[in-house]
file upload_13.cif (mmCIF, C-alpha atoms and all ligand atoms)
data_coords
#
loop_
_atom_site.label_atom_id
_atom_site.label_comp_id
_atom_site.auth_asym_id
_atom_site.auth_seq_id
_atom_site.Cartn_x
_atom_site.Cartn_y
_atom_site.Cartn_z
CA MET A 155 -22.12 3.26 -16.12
CA SER A 156 -21.58 6.82 -14.97
CA PHE A 157 -18.45 7.68 -13.03
CA GLY A 158 -18.98 11.43 -12.78
CA SER A 159 -22.00 11.49 -10.49
CA GLN A 160 -20.32 9.53 -7.70
CA ILE A 161 -17.20 11.66 -7.44
CA ALA A 162 -17.72 12.40 -3.74
CA TRP A 163 -17.01 8.79 -2.81
CA ASP A 164 -14.11 8.11 -5.13
CA ASP A 165 -10.53 8.15 -3.81
CA THR A 166 -11.88 7.86 -0.31
CA ILE A 167 -11.22 5.73 2.74
CA LEU A 168 -14.22 5.30 5.03
CA PRO A 169 -13.55 4.08 8.59
CA PHE A 170 -16.32 2.10 10.27
CA GLN A 171 -17.03 0.08 13.36
CA LEU A 172 -19.44 -2.78 13.97
CA ASP A 173 -21.20 -2.10 17.25
CA ARG A 174 -22.34 -5.66 17.81
CA SER A 175 -18.75 -6.83 18.16
CA ASP A 176 -15.34 -5.24 18.65
CA ILE A 177 -14.54 -5.13 14.99
CA ARG A 178 -13.52 -2.06 13.09
CA GLY A 179 -12.70 -1.63 9.44
CA ARG A 180 -12.21 0.53 6.40
CA VAL A 181 -13.81 0.67 2.99
CA ALA A 182 -11.43 2.16 0.42
CA ARG A 183 -12.12 3.15 -3.15
CA LEU A 184 -9.41 4.41 -5.46
CA ASP A 185 -10.00 5.53 -9.00
CA GLY A 186 -8.60 8.90 -10.10
CA VAL A 187 -5.63 8.50 -7.78
CA LEU A 188 -4.86 5.12 -9.33
CA ASP A 189 -5.01 6.59 -12.82
CA ARG A 190 -2.53 9.23 -11.70
CA VAL A 191 -0.22 6.75 -9.92
CA LEU A 192 -0.08 4.46 -12.96
CA ALA A 193 0.17 7.32 -15.47
CA GLN A 194 3.62 8.11 -13.99
CA HIS A 195 4.87 4.81 -15.41
CA ASP A 196 4.40 2.66 -18.47
CA TYR A 197 4.01 -0.73 -16.80
CA PRO A 198 2.85 -3.99 -18.40
CA PRO A 199 -0.65 -5.10 -17.24
CA VAL A 200 0.73 -7.64 -14.73
CA ILE A 201 2.70 -4.92 -12.95
CA GLU A 202 -0.17 -2.43 -13.11
CA SER A 203 -2.40 -4.98 -11.38
CA LEU A 204 0.07 -5.55 -8.57
CA VAL A 205 0.67 -1.83 -8.10
CA ALA A 206 -3.09 -1.11 -8.10
CA GLU A 207 -3.71 -3.74 -5.43
CA MET A 208 -0.74 -2.66 -3.35
CA ALA A 209 -1.86 1.01 -3.50
CA LEU A 210 -5.31 -0.03 -2.27
CA LEU A 211 -3.80 -2.05 0.56
CA THR A 212 -1.63 0.94 1.47
CA ALA A 213 -4.67 3.23 1.63
CA LEU A 214 -6.55 0.78 3.88
CA ILE A 215 -3.62 0.27 6.25
CA GLY A 216 -2.26 3.83 6.13
CA GLN A 217 -5.51 5.34 7.31
CA THR A 218 -5.52 3.18 10.47
CA VAL A 219 -2.27 4.75 11.69
CA LYS A 220 -2.03 8.22 13.24
CA LEU A 221 0.59 9.43 10.80
CA ARG A 222 2.67 12.56 11.02
CA TRP A 223 4.59 11.60 7.89
CA LYS A 224 4.34 8.33 5.94
CA LEU A 225 3.58 4.64 5.91
CA SER A 226 5.22 2.51 3.24
CA LEU A 227 4.51 -1.00 2.04
CA GLN A 228 7.23 -2.90 0.21
CA LEU A 229 7.22 -6.29 -1.40
CA HIS A 230 10.67 -7.66 -2.22
CA GLY A 231 10.76 -10.80 -4.36
CA ASN A 232 13.28 -12.96 -6.20
CA GLY A 233 11.00 -13.49 -9.21
CA PRO A 234 10.58 -11.30 -12.29
CA VAL A 235 8.90 -8.76 -9.99
CA ARG A 236 11.67 -7.57 -7.67
CA LEU A 237 9.93 -4.75 -5.85
CA ILE A 238 6.55 -3.12 -5.39
CA ALA A 239 6.86 0.02 -3.25
CA THR A 240 4.05 2.29 -2.13
CA ASP A 241 3.96 5.31 0.17
CA TYR A 242 0.97 6.79 1.97
CA PHE A 243 1.46 10.28 3.40
CA GLY A 244 -0.96 11.18 6.15
CA PRO A 245 -2.97 14.41 5.78
CA SER A 246 -0.98 17.52 6.78
CA ALA A 247 -4.05 18.79 8.68
CA GLU A 248 -7.57 17.62 9.40
CA GLY A 249 -9.68 17.76 6.25
CA GLU A 250 -6.65 17.68 3.96
CA PRO A 251 -6.20 14.74 1.55
CA ALA A 252 -3.73 11.95 2.19
CA GLN A 253 -1.30 11.23 -0.65
CA ILE A 254 -0.26 8.01 -2.33
CA ARG A 255 2.58 7.18 -4.72
CA ALA A 256 3.94 3.85 -5.98
CA TYR A 257 6.47 2.21 -8.24
CA ALA A 258 7.64 -1.25 -9.25
CA GLY A 259 11.00 -2.79 -10.13
CA TYR A 260 10.89 -5.81 -12.46
CA ASP A 261 12.71 -7.71 -15.22
CA ALA A 262 10.56 -7.21 -18.31
CA GLU A 263 12.12 -10.18 -20.18
CA ARG A 264 11.31 -12.62 -17.39
CA LEU A 265 7.71 -11.52 -16.82
CA GLY A 266 5.23 -14.35 -17.40
CA THR A 267 1.91 -13.91 -19.11
CA ASP A 268 0.14 -17.06 -17.88
CA GLY A 269 -2.15 -15.22 -15.49
CA ASP A 270 -0.42 -16.14 -12.22
CA ILE A 271 0.17 -12.55 -11.26
CA PHE A 272 1.24 -13.08 -7.65
CA GLY A 273 3.57 -15.95 -8.67
CA GLN A 274 5.73 -13.38 -10.50
CA ILE A 275 7.05 -12.16 -7.15
CA GLY A 276 8.60 -15.47 -6.10
CA LYS A 277 10.04 -15.78 -2.62
CA GLY A 278 10.86 -12.79 -0.49
CA HIS A 279 9.37 -10.55 2.14
CA PHE A 280 6.60 -8.07 2.79
CA ALA A 281 7.47 -5.01 4.85
CA ILE A 282 5.55 -2.23 6.54
CA LEU A 283 7.53 0.89 7.39
CA ILE A 284 6.26 3.81 9.42
CA ASP A 285 8.25 7.02 9.32
CA GLN A 286 6.92 9.77 11.61
CA GLY A 287 9.37 12.30 10.24
CA MET A 288 12.39 14.24 11.46
CA GLY A 289 13.77 13.26 14.82
CA THR A 290 11.95 9.92 15.07
CA THR A 291 13.18 6.37 14.57
CA PRO A 292 11.37 4.68 11.68
CA TYR A 293 9.46 1.50 12.53
CA GLN A 294 9.87 -1.53 10.29
CA GLY A 295 7.95 -4.82 10.41
CA ILE A 296 8.75 -7.69 8.08
CA THR A 297 7.04 -10.97 7.26
CA PRO A 298 7.85 -13.59 4.61
CA ILE A 299 5.77 -13.58 1.43
CA ALA A 300 3.03 -16.14 2.02
CA GLY A 301 -0.50 -17.12 1.17
CA GLY A 302 -0.56 -16.47 -2.55
CA SER A 303 -1.86 -12.89 -2.50
CA LEU A 304 -0.97 -9.40 -1.34
CA SER A 305 -3.93 -9.55 1.05
CA ALA A 306 -2.62 -12.76 2.60
CA CYS A 307 0.83 -11.21 3.09
CA ALA A 308 -0.71 -8.27 4.94
CA GLU A 309 -2.99 -10.53 7.01
CA THR A 310 0.01 -12.63 8.02
CA TYR A 311 1.91 -9.50 8.96
CA PHE A 312 -0.85 -8.30 11.30
CA ALA A 313 -1.34 -11.74 12.87
CA GLN A 314 2.36 -12.37 13.48
CA SER A 315 3.82 -8.92 14.13
CA GLU A 316 0.88 -7.10 15.71
CA GLN A 317 -1.21 -10.03 17.04
CA ILE A 318 -4.31 -8.42 15.52
CA PRO A 319 -6.73 -10.60 13.52
CA THR A 320 -7.07 -8.78 10.20
CA ARG A 321 -8.83 -9.51 6.94
CA PHE A 322 -8.62 -7.84 3.53
CA THR A 323 -10.91 -8.32 0.57
CA LEU A 324 -9.70 -6.43 -2.49
CA SER A 325 -10.74 -6.05 -6.08
CA HIS A 326 -9.62 -3.90 -8.96
CA GLY A 327 -10.19 -3.50 -12.68
CA ARG A 328 -9.85 -1.21 -15.64
CA SER A 329 -12.72 0.05 -17.73
CA THR A 330 -12.84 2.02 -20.95
CA LEU A 331 -14.53 5.41 -20.78
CA PRO A 332 -16.54 6.86 -23.66
CA GLY A 333 -13.84 8.22 -25.96
CA GLY A 334 -11.52 5.28 -25.31
CA ALA A 335 -9.54 6.42 -22.28
CA LYS A 336 -8.71 3.71 -19.74
CA HIS A 337 -9.90 4.20 -16.23
CA TRP A 338 -8.83 2.26 -13.14
CA ARG A 339 -10.99 1.45 -10.18
CA ALA A 340 -10.04 -0.48 -7.07
CA GLY A 341 -12.04 -1.13 -3.95
CA GLY A 342 -11.55 -3.09 -0.79
CA VAL A 343 -12.64 -3.77 2.75
CA MET A 344 -10.34 -4.21 5.73
CA LEU A 345 -11.59 -5.80 8.95
CA GLN A 346 -9.68 -5.77 12.20
CA HIS A 347 -10.56 -7.14 15.59
CA MET A 348 -9.94 -4.36 18.07
CA PRO A 349 -7.09 -5.18 20.43
CA LYS A 350 -9.07 -4.20 23.54
CA ALA A 351 -11.40 -7.15 22.97
CA SER A 352 -8.55 -9.58 23.23
CA PRO A 353 -6.54 -8.51 26.27
CA PHE A 354 -6.06 -12.17 27.09
CA ALA A 355 -4.76 -13.05 23.68
CA LYS A 356 -3.57 -16.60 24.03
CA GLU A 357 0.04 -17.48 23.46
CA ALA A 358 0.44 -16.50 19.83
CA GLY A 359 2.30 -18.58 17.30
CA GLY A 360 4.78 -20.88 18.92
CA GLU A 361 6.57 -23.75 17.25
CA SER A 362 6.79 -23.28 13.52
CA ARG A 363 3.16 -22.93 12.56
CA PRO A 364 1.77 -19.54 11.55
CA VAL A 365 -0.41 -17.55 13.96
CA ALA A 366 -4.08 -18.40 13.50
CA VAL A 367 -7.08 -16.33 14.57
CA HIS A 368 -7.95 -18.72 17.41
CA ASP A 369 -4.48 -18.07 18.86
CA LEU A 370 -5.38 -14.40 19.14
CA LEU A 371 -9.01 -14.40 20.29
CA ASP A 372 -11.06 -16.06 23.01
CA ASP A 373 -14.26 -17.92 22.20
CA GLU A 374 -16.80 -15.11 21.99
CA PRO A 375 -14.65 -12.67 20.00
CA GLU A 376 -13.65 -15.54 17.73
CA GLU A 377 -17.33 -16.32 17.06
CA ASN A 378 -17.95 -12.66 16.24
CA TRP A 379 -14.91 -12.58 14.01
CA ASN A 380 -15.95 -15.68 12.11
CA ARG A 381 -19.55 -14.48 11.68
CA VAL A 382 -18.43 -11.11 10.27
CA ASN A 383 -15.92 -12.78 7.96
CA ILE A 384 -18.63 -15.06 6.59
CA LEU A 385 -20.69 -11.95 5.83
CA LEU A 386 -17.73 -10.37 4.06
CA ASP A 387 -17.29 -13.56 2.01
CA THR A 388 -20.57 -12.73 0.27
CA VAL A 389 -19.28 -9.46 -1.19
CA GLU A 390 -19.05 -9.24 -4.96
CA ASP A 391 -16.28 -7.57 -6.96
CA LEU A 392 -18.58 -4.90 -8.35
CA GLU A 393 -19.80 -4.02 -4.86
CA LEU A 394 -16.20 -3.53 -3.77
CA ILE A 395 -15.11 -1.52 -6.80
CA GLY A 396 -18.21 0.67 -7.17
CA PRO A 397 -19.25 3.18 -8.21
CA THR A 398 -22.88 2.05 -8.30
CA VAL A 399 -22.81 0.85 -4.69
CA GLN A 400 -21.78 3.59 -2.25
CA PRO A 401 -19.43 2.51 0.58
CA THR A 402 -22.12 3.24 3.18
CA ASP A 403 -24.66 1.15 1.24
CA LEU A 404 -22.09 -1.63 0.98
CA LEU A 405 -21.69 -1.65 4.77
CA VAL A 406 -25.45 -1.85 5.26
CA ARG A 407 -25.76 -4.64 2.69
CA LEU A 408 -23.01 -6.69 4.29
CA PHE A 409 -23.27 -5.89 7.97
CA HIS A 410 -26.73 -4.45 8.78
CA GLU A 411 -27.21 -6.96 11.61
CA GLU A 412 -23.81 -6.04 13.03
CA VAL A 413 -24.87 -2.39 13.46
CA PRO A 414 -22.26 -0.58 11.34
CA ARG A 415 -21.28 2.95 12.33
CA VAL A 416 -19.20 5.15 10.04
CA PHE A 417 -16.72 7.91 10.82
CA ASP A 418 -15.43 10.81 8.71
CA GLY A 419 -13.97 9.68 5.39
CA GLN A 420 -10.41 10.45 4.30
CA THR A 421 -9.84 11.62 0.75
CA VAL A 422 -6.69 10.54 -1.11
CA ASN A 423 -4.72 12.19 -3.92
CA PHE A 424 -1.74 11.14 -5.96
CA GLY A 425 1.29 12.95 -4.60
CA CYS A 426 5.04 12.75 -4.67
CA THR A 427 7.20 14.46 -2.07
CA CYS A 428 10.44 14.33 -4.01
CA SER A 429 12.54 17.47 -4.22
CA ALA A 430 16.06 18.40 -5.31
CA ASP A 431 17.14 18.43 -1.66
CA ARG A 432 15.76 14.97 -0.91
CA VAL A 433 17.31 13.50 -4.05
CA ARG A 434 20.64 15.16 -3.26
CA GLN A 435 20.46 13.71 0.24
CA SER A 436 19.81 10.20 -1.05
CA LEU A 437 22.67 10.52 -3.53
CA SER A 438 25.04 11.52 -0.74
CA ILE A 439 25.13 7.93 0.55
CA TYR A 440 26.15 6.55 -2.86
CA SER A 441 29.74 5.60 -3.57
CA ALA A 442 31.83 7.59 -6.04
CA LYS A 443 31.52 4.67 -8.48
CA ASP A 444 27.70 4.73 -8.33
CA ILE A 445 27.64 8.48 -8.75
CA GLY A 446 29.96 8.00 -11.73
CA HIS A 447 27.27 5.84 -13.39
CA LEU A 448 24.78 8.67 -12.96
CA THR A 449 27.08 11.27 -14.50
CA THR A 450 26.59 12.40 -18.10
CA ASP A 451 29.38 13.04 -20.59
CA GLU A 452 28.91 16.72 -19.81
CA GLY A 453 29.78 16.01 -16.17
CA ILE A 454 26.27 16.48 -14.78
CA VAL A 455 24.88 14.04 -12.21
CA THR A 456 21.33 13.07 -13.15
CA ALA A 457 18.67 11.24 -11.15
CA ASP A 458 15.01 10.49 -11.86
CA CYS A 459 12.41 10.05 -9.12
CA GLN A 460 11.22 6.45 -9.32
CA PHE A 461 7.76 7.40 -8.08
CA CYS A 462 6.85 10.32 -10.36
CA GLY A 463 9.60 10.41 -13.00
CA ALA A 464 10.73 13.94 -12.07
CA HIS A 465 14.20 14.56 -13.49
CA TYR A 466 16.93 16.15 -11.38
CA GLU A 467 20.37 17.41 -12.40
CA PHE A 468 23.22 18.29 -10.05
CA ASP A 469 26.70 19.63 -10.12
CA PRO A 470 28.84 16.59 -9.07
CA LYS A 471 30.42 18.68 -6.32
CA SER A 472 27.03 19.28 -4.71
CA VAL A 473 26.54 15.53 -4.18
CA GLY A 474 30.04 14.94 -2.80
CA PHE A 475 31.46 13.29 -5.91
CA GLU A 476 34.67 15.31 -6.13
CA ALA A 477 35.44 14.84 -2.45
CA GLU A 478 35.08 11.05 -2.63
CA LYS A 479 37.23 10.88 -5.74
CA ALA A 480 39.98 12.77 -3.97
CA VAL A 481 39.91 10.30 -1.07
CA ASP A 482 40.11 7.33 -3.47
CA GLY A 483 43.05 8.95 -5.27
CA GLY A 484 44.96 9.28 -2.02
CA ASP A 485 45.07 5.51 -1.32
ZN ZN B 501 8.79 12.23 -7.33
#
call {"tool": "encode", "arguments": {"input": "upload_13.cif", "output": "structure tokens"}}
result
Amino acid sequence: MSFGSQIAWDDTILPFQLDRSDIRGRVARLDGVLDRVLAQHDYPPVIESLVAEMALLTALIGQTVKLRWKLSLQLHGNGPVRLIATDYFGPSAEGEPAQIRAYAGYDAERLGTDGDIFGQIGKGHFAILIDQGMGTTPYQGITPIAGGSLSACAETYFAQSEQIPTRFTLSHGRSTLPGGAKHWRAGGVMLQHMPKASPFAKEAGGESRPVAVHDLLDDEPEENWNRVNILLDTVEDLELIGPTVQPTDLLVRLFHEEVPRVFDGQTVNFGCTCSADRVRQSLSIYSAKDIGHLTTDEGIVTADCQFCGAHYEFDPKSVGFEAEKAVDGGD
């Protein structure tokens, strides 16, 4: 299998629309960016899998939002996996790449190895955060962890919080390149029923049952939605992941009768936006005690970026440590 010849389609999100119905979607492929994201950490395979899938989900969802700054996905659990956090930074200008970064928080001793990867998260919640930058109020939507997969969590979020029928089919895997290096690939398809087709969305949810697609769509759109989903059910992992099947060919294979139309693709890079100023700012909300834990014997406050591992050192005064200590001493 050759990876080099297909480089134009790797680390790309391809938006598409199905003209026969009011369904839009994205095909995302991540490979080099995933290698870079995971190379920042030394995670066990279970965690790498979750981070890879979450990064793919973030790319699919992030590209649907007109972003001036970033969209974040977070999964908070009470199991051995406490947190999976990913950020997608929209392109700074048309034609520029978007950027993705990710990290995980977990208890290594409690991690299971029985293959139930999603079960390691336990109970908790799935959150989508949209931050449009300085001077704006961040948006946050939360839904309980449900459905036994990251895809199901995101589908539930869109059904309940946005009233938009949404479907994700994701796959990922790691191959060994000639020479022995490991190489990640992930690929997925997102389908969404366009809101304009369901202006008469029936009373969603109600009682205690989760929102189902037929709560959100009338008969004809629901038929379209079901037909397209059945087509997507036929997709195979290797078609999703590539690189032998190009995203455009995948759309034709799956949806040729639905008249797929593609738009300009969005390239994605690994990228971290951390800086001394941002880290200093985040430290400024810590208590004197917490800052004390981050202070070396030499009296230097240290902090590492959880996303990229960058190491920062500060004079305690510059992060407000001395001032807080003085206040404590005055009690
Ligand atoms: Zn960083």
call {"tool": "residues_near_ligand", "arguments": {"input": "upload_13.cif", "ligand": "ligand ZN 501 (chain B)", "cutoff": "10 Å", "atoms": "only C-alpha atoms and all ligand atoms", "output": "ChimeraX atom specification"}}
result
/A:194,255-256,425-430,432-433,458-466
call {"tool": "atom_distance", "arguments": {"input": "upload_13.cif", "atom1": "atom CA of Leu386 of chain A", "atom2": "atom CA of Glu202 of chain A"}}
result
25.8 Å
call {"tool": "atom_distance", "arguments": {"input": "upload_13.cif", "atom1": "atom CA of Glu467 of chain A", "atom2": "atom CA of Val191 of chain A"}}
result
23.3 Å
call {"tool": "closest_residue", "arguments": {"input": "upload_13.cif", "among": "A:Leu172, A:Leu283, A:Ala209, A:Val187", "to": "Glu412 of chain A", "atoms": "only C-alpha atoms"}}
result
A:Leu172
call {"tool": "atom_distance", "arguments": {"input": "upload_13.cif", "atom1": "atom CA of Trp338 of chain A", "atom2": "atom CA of Pro199 of chain A"}}
result
11.7 Å
call {"tool": "residues_near_point", "arguments": {"input": "upload_13.cif", "point": "(6.5, -4.4, -2.2)", "cutoff": "9 Å", "atoms": "all atoms listed in the file", "output": "ChimeraX atom specification"}}
result
/A:205,208,226-231,236-240,257-258,279-281
call {"tool": "residues_near_point", "arguments": {"input": "upload_13.cif", "point": "(21.9, 10.5, -14.3)", "cutoff": "12 Å", "atoms": "all atoms listed in the file", "output": "PDB file with C-alpha atoms, keeping the file's coordinate frame"}}
result
ATOM      1  CA  VAL A 433      17.310  13.500  -4.050  1.00  0.00           C
ATOM      2  CA  LEU A 437      22.670  10.520  -3.530  1.00  0.00           C
ATOM      3  CA  ASP A 444      27.700   4.730  -8.330  1.00  0.00           C
ATOM      4  CA  ILE A 445      27.640   8.480  -8.750  1.00  0.00           C
ATOM      5  CA  GLY A 446      29.960   8.000 -11.730  1.00  0.00           C
ATOM      6  CA  HIS A 447      27.270   5.840 -13.390  1.00  0.00           C
ATOM      7  CA  LEU A 448      24.780   8.670 -12.960  1.00  0.00           C
ATOM      8  CA  THR A 449      27.080  11.270 -14.500  1.00  0.00           C
ATOM      9  CA  THR A 450      26.590  12.400 -18.100  1.00  0.00           C
ATOM     10  CA  ASP A 451      29.380  13.040 -20.590  1.00  0.00           C
ATOM     11  CA  GLU A 452      28.910  16.720 -19.810  1.00  0.00           C
ATOM     12  CA  GLY A 453      29.780  16.010 -16.170  1.00  0.00           C
ATOM     13  CA  ILE A 454      26.270  16.480 -14.780  1.00  0.00           C
ATOM     14  CA  VAL A 455      24.880  14.040 -12.210  1.00  0.00           C
ATOM     15  CA  THR A 456      21.330  13.070 -13.150  1.00  0.00           C
ATOM     16  CA  ALA A 457      18.670  11.240 -11.150  1.00  0.00           C
ATOM     17  CA  ASP A 458      15.010  10.490 -11.860  1.00  0.00           C
ATOM     18  CA  CYS A 459      12.410  10.050  -9.120  1.00  0.00           C
ATOM     19  CA  ALA A 464      10.730  13.940 -12.070  1.00  0.00           C
ATOM     20  CA  HIS A 465      14.200  14.560 -13.490  1.00  0.00           C
ATOM     21  CA  TYR A 466      16.930  16.150 -11.380  1.00  0.00           C
ATOM     22  CA  GLU A 467      20.370  17.410 -12.400  1.00  0.00           C
ATOM     23  CA  PHE A 468      23.220  18.290 -10.050  1.00  0.00           C
ATOM     24  CA  ASP A 469      26.700  19.630 -10.120  1.00  0.00           C
ATOM     25  CA  PRO A 470      28.840  16.590  -9.070  1.00  0.00           C
TER      26      PRO A 470
END
call {"tool": "residues_around", "arguments": {"input": "upload_13.cif", "residues": "Asp173 of chain A", "least_positions_apart": "5", "cutoff": "10 Å", "atoms": "all atoms listed in the file", "output": "list in words"}}
result
Arg178, Glu411, Glu412, Val413, Pro414 and Arg415 of chain A
call {"tool": "axis_aligned_box", "arguments": {"input": "upload_13.cif", "around": "segment 450-469 of chain A", "padding_each_side": "8 Å", "output": "AutoDock Vina command-line options"}}
result
--center_x 18.3 --center_y 13.0 --center_z -14.3 --size_x 38.9 --size_y 29.2 --size_z 28.5
call {"tool": "residues_around", "arguments": {"input": "upload_13.cif", "residues": "Leu385 of chain A", "least_positions_apart": "5", "cutoff": "12 Å", "atoms": "all atoms listed in the file", "output": "PyMOL selection string"}}
result
chain A and resi 323+343+345+378-380+390+404-412
call {"tool": "write_last_selection", "arguments": {"input": "upload_13.cif", "atoms": "C-alpha atoms", "output": "PDB file, in the frame of the given file"}}
result
ATOM      1  CA  THR A 323     -10.910  -8.320   0.570  1.00  0.00           C
ATOM      2  CA  VAL A 343     -12.640  -3.770   2.750  1.00  0.00           C
ATOM      3  CA  LEU A 345     -11.590  -5.800   8.950  1.00  0.00           C
ATOM      4  CA  ASN A 378     -17.950 -12.660  16.240  1.00  0.00           C
ATOM      5  CA  TRP A 379     -14.910 -12.580  14.010  1.00  0.00           C
ATOM      6  CA  ASN A 380     -15.950 -15.680  12.110  1.00  0.00           C
ATOM      7  CA  GLU A 390     -19.050  -9.240  -4.960  1.00  0.00           C
ATOM      8  CA  LEU A 404     -22.090  -1.630   0.980  1.00  0.00           C
ATOM      9  CA  LEU A 405     -21.690  -1.650   4.770  1.00  0.00           C
ATOM     10  CA  VAL A 406     -25.450  -1.850   5.260  1.00  0.00           C
ATOM     11  CA  ARG A 407     -25.760  -4.640   2.690  1.00  0.00           C
ATOM     12  CA  LEU A 408     -23.010  -6.690   4.290  1.00  0.00           C
ATOM     13  CA  PHE A 409     -23.270  -5.890   7.970  1.00  0.00           C
ATOM     14  CA  HIS A 410     -26.730  -4.450   8.780  1.00  0.00           C
ATOM     15  CA  GLU A 411     -27.210  -6.960  11.610  1.00  0.00           C
ATOM     16  CA  GLU A 412     -23.810  -6.040  13.030  1.00  0.00           C
TER      17      GLU A 412
END
call {"tool": "closest_residue", "arguments": {"input": "upload_13.cif", "among": "A:Pro292, A:Gly259, A:Gly266, A:Gly216", "to": "Pro245 of chain A", "atoms": "only C-alpha atoms"}}
result
A:Gly216
call {"tool": "residues_around", "arguments": {"input": "upload_13.cif", "residues": "Leu394 of chain A", "least_positions_apart": "4", "cutoff": "9 Å", "atoms": "all atoms listed in the file", "output": "MDAnalysis selection string"}}
result
chainID A and resid 181:183 323:326 340:343 389:390 399 401 404
call {"tool": "write_last_selection", "arguments": {"input": "upload_13.cif", "atoms": "C-alpha atoms", "output": "CSV table (one decimal), in the frame of the given file"}}
result
chain,number,residue,atom,x,y,z
A,181,VAL,CA,-13.8,0.7,3.0
A,182,ALA,CA,-11.4,2.2,0.4
A,183,ARG,CA,-12.1,3.2,-3.2
A,323,THR,CA,-10.9,-8.3,0.6
A,324,LEU,CA,-9.7,-6.4,-2.5
A,325,SER,CA,-10.7,-6.0,-6.1
A,326,HIS,CA,-9.6,-3.9,-9.0
A,340,ALA,CA,-10.0,-0.5,-7.1
A,341,GLY,CA,-12.0,-1.1,-4.0
A,342,GLY,CA,-11.6,-3.1,-0.8
A,343,VAL,CA,-12.6,-3.8,2.8
A,389,VAL,CA,-19.3,-9.5,-1.2
A,390,GLU,CA,-19.0,-9.2,-5.0
A,399,VAL,CA,-22.8,0.8,-4.7
A,401,PRO,CA,-19.4,2.5,0.6
A,404,LEU,CA,-22.1,-1.6,1.0
call {"tool": "closest_residue", "arguments": {"input": "upload_13.cif", "among": "A:Thr212, A:Ser441, A:Thr297, A:Thr290", "to": "Phe322 of chain A", "atoms": "only C-alpha atoms"}}
result
A:Thr212
call {"tool": "residues_around", "arguments": {"input": "upload_13.cif", "residues": "segment 220-224 of chain A", "least_positions_apart": "6", "cutoff": "10 Å", "atoms": "only C-alpha atoms", "output": "VMD selection string"}}
result
chain A and resid 241 to 247 252 to 254 283 to 288 292
call {"tool": "write_last_selection", "arguments": {"input": "upload_13.cif", "atoms": "C-alpha atoms", "output": "tab-separated table (two decimals), in the coordinates of the input"}}
result
chain	number	residue	atom	x	y	z
A	241	ASP	CA	3.96	5.31	0.17
A	242	TYR	CA	0.97	6.79	1.97
A	243	PHE	CA	1.46	10.28	3.40
A	244	GLY	CA	-0.96	11.18	6.15
A	245	PRO	CA	-2.97	14.41	5.78
A	246	SER	CA	-0.98	17.52	6.78
A	247	ALA	CA	-4.05	18.79	8.68
A	252	ALA	CA	-3.73	11.95	2.19
A	253	GLN	CA	-1.30	11.23	-0.65
A	254	ILE	CA	-0.26	8.01	-2.33
A	283	LEU	CA	7.53	0.89	7.39
A	284	ILE	CA	6.26	3.81	9.42
A	285	ASP	CA	8.25	7.02	9.32
A	286	GLN	CA	6.92	9.77	11.61
A	287	GLY	CA	9.37	12.30	10.24
A	288	MET	CA	12.39	14.24	11.46
A	292	PRO	CA	11.37	4.68	11.68
